[in-house]
Amino acid sequence: MILTYHGGACIRAQAGDTTLVLGPVSKKSSDYKPTNFGADVACVPLNHPDMNGVEEAARGEKIPFLIFGPGEYEVRGMTIAGFGSVSKWDGDGRINTIYTVSFDGLSILYLGAQGTAELPKDVLEMDEPDVLIIPVGGKGTLTPAEAHKVSVNLEAKIVIPILYDEKTLKQFLKEAGSETIKPVERLTIKLKDVAGKENEVVVLGV
């Protein structure tokens, strides 16, 4: 699997000829560049232009299969489950959907714009994720300190921060004891690569 970060809450996951996008950015977003690649499946955590740009993940007549909200889905060899939670993104109380994805032999836990360190019970009872994608920048989502606490509690193997600026990323890395980490363009991983890892932070550059 290849993971790349496209700003905001947008993560692209690719394996073989299948592409998943989490939190695609709409062209109506005022803060982030819109998503500019095609995807087979799109998971929208929050009904806001910063994260609901499904049209921007389409190419020609190819429209991604949309997953928006709680439920269980099987599509393109992936098993995906959504769990309702909360966010205060953009200053308003909103419904946020947390997604778990089983893809290419790896488990991904994507918190979207999660606004509180109190996660749904169903999420807390799951096995530790291979990859945790977590907001760390505050502004209605988890603060750097909250994000670090959540990642430790979840016993994530690899932790990828999203929705940050330079200041909050620095704070999160300090909380995690990972100040020397440098951003990488992409993360290429297989199941064997996460064996023995515990809360290893990977910063994906935009």
# chains A, B, ... in the order shown; residues from 1 in each chain; ligands from 1

$ select_by_dssp --residues "stretch 26-175 of chain A" --states "strand (DSSP E or B)" --output "ChimeraX atom specification"
/A:41-44,59,62,65-68,71-75,78-87,94-103,106-110,131-135,158-162

$ residues_around --residues "A:Ser178" --least-positions-apart "5" --cutoff "9 Å" --atoms "only C-alpha atoms" --output "list in words"
Phe172, Leu173, Glu200 and Val201 of chain A

$ residues_around --residues "stretch 152-159 of chain A" --least-positions-apart "4" --cutoff "12 Å" --atoms "only C-alpha atoms" --output "VMD selection string"
chain A and resid 3 106 to 111 117 to 119 121 123 to 136 145 to 148 172 to 173 175 to 176 178 187 189 to 204

$ select_by_dssp --residues "stretch 8-128 of chain A" --states "helix (DSSP H, G or I)" --output "list in words"
Glu55, Glu56, Ala57, Trp89, Asp90, Gly91, Lys121, Asp122, Val123 and Leu124 of chain A

$ write_last_selection --atoms "C-alpha atoms" --output "compact mmCIF listing (two decimals), in the first residue's frame"
# COMPACT_ATOMS: atom_id res chain seq x y z
CA GLU A 55 -16.60 15.28 -7.39
CA GLU A 56 -12.93 16.26 -7.32
CA ALA A 57 -12.04 12.57 -6.95
CA TRP A 89 -14.67 21.80 12.75
CA ASP A 90 -15.08 25.36 11.45
CA GLY A 91 -16.59 26.38 14.79
CA LYS A 121 -16.99 2.34 22.38
CA ASP A 122 -16.96 0.16 19.25
CA VAL A 123 -13.76 1.85 18.09
CA LEU A 124 -12.04 1.49 21.45

$ residues_around --residues "A:Glu166" --least-positions-apart "3" --cutoff "12 Å" --atoms "only C-alpha atoms" --output "list in words"
Val136, Gly137, Pro144, Pro161, Ile162, Leu163, Leu169, Lys170, Gln171, Phe172, Leu173, Pro183, Val203 and Gly205 of chain A

$ write_last_selection --atoms "C-alpha atoms" --output "PDB file, in the first residue's frame"
ATOM      1  CA  VAL A 136      -3.589  17.045  15.631  1.00  0.00           C
ATOM      2  CA  GLY A 137      -4.201  20.730  14.975  1.00  0.00           C
ATOM      3  CA  PRO A 144      -1.652  17.925  19.839  1.00  0.00           C
ATOM      4  CA  PRO A 161      -0.985  13.325  11.613  1.00  0.00           C
ATOM      5  CA  ILE A 162      -3.403  15.426   9.527  1.00  0.00           C
ATOM      6  CA  LEU A 163      -5.147  18.812   9.843  1.00  0.00           C
ATOM      7  CA  LEU A 169       2.696  19.646  14.136  1.00  0.00           C
ATOM      8  CA  LYS A 170       5.766  20.704  16.117  1.00  0.00           C
ATOM      9  CA  GLN A 171       3.773  20.427  19.351  1.00  0.00           C
ATOM     10  CA  PHE A 172       2.470  16.978  18.431  1.00  0.00           C
ATOM     11  CA  LEU A 173       5.936  15.687  17.554  1.00  0.00           C
ATOM     12  CA  PRO A 183       8.379  14.685   6.341  1.00  0.00           C
ATOM     13  CA  VAL A 203       4.772  12.800   8.712  1.00  0.00           C
ATOM     14  CA  GLY A 205       4.544  16.042   3.268  1.00  0.00           C
TER      15      GLY A 205
END

$ closest_residue --among "A:Ser30, A:Thr4, A:Thr35, A:Ser102" --to "A:Arg59" --atoms "only C-alpha atoms"
A:Thr35

$ closest_residue --among "A:Leu46, A:Ala39, A:Asp92, A:Phe65" --to "A:Ala13" --atoms "only C-alpha atoms"
A:Ala39

$ atom_distance --atom1 "atom CA of A:Ile80" --atom2 "atom CA of A:Ile160"
18.8 Å

$ closest_atom_pairs --of "stretch 24-143 of chain A" --to "stretch 5-11 of chain A" --cutoff "8 Å" --atoms "only C-alpha atoms" --output "JSON lines"
{"residue": "A:Pro24", "atom": "CA", "partner": "A:Cys10", "partner_atom": "CA", "distance": 5.1}
{"residue": "A:Val25", "atom": "CA", "partner": "A:Cys10", "partner_atom": "CA", "distance": 6.6}
{"residue": "A:Tyr32", "atom": "CA", "partner": "A:Gly8", "partner_atom": "CA", "distance": 6.1}
{"residue": "A:Lys33", "atom": "CA", "partner": "A:Gly7", "partner_atom": "CA", "distance": 7.2}
{"residue": "A:Thr35", "atom": "CA", "partner": "A:His6", "partner_atom": "CA", "distance": 7.2}
{"residue": "A:Asp50", "atom": "CA", "partner": "A:Gly8", "partner_atom": "CA", "distance": 6.8}
{"residue": "A:Met51", "atom": "CA", "partner": "A:Ala9", "partner_atom": "CA", "distance": 6.6}
{"residue": "A:Gly112", "atom": "CA", "partner": "A:Ala9", "partner_atom": "CA", "distance": 6.3}
{"residue": "A:Ala113", "atom": "CA", "partner": "A:Ala9", "partner_atom": "CA", "distance": 7.4}
{"residue": "A:Pro135", "atom": "CA", "partner": "A:Ala9", "partner_atom": "CA", "distance": 7.6}

$ atom_distance --atom1 "atom CA of A:Thr141" --atom2 "atom CA of A:Ile181"
22.7 Å
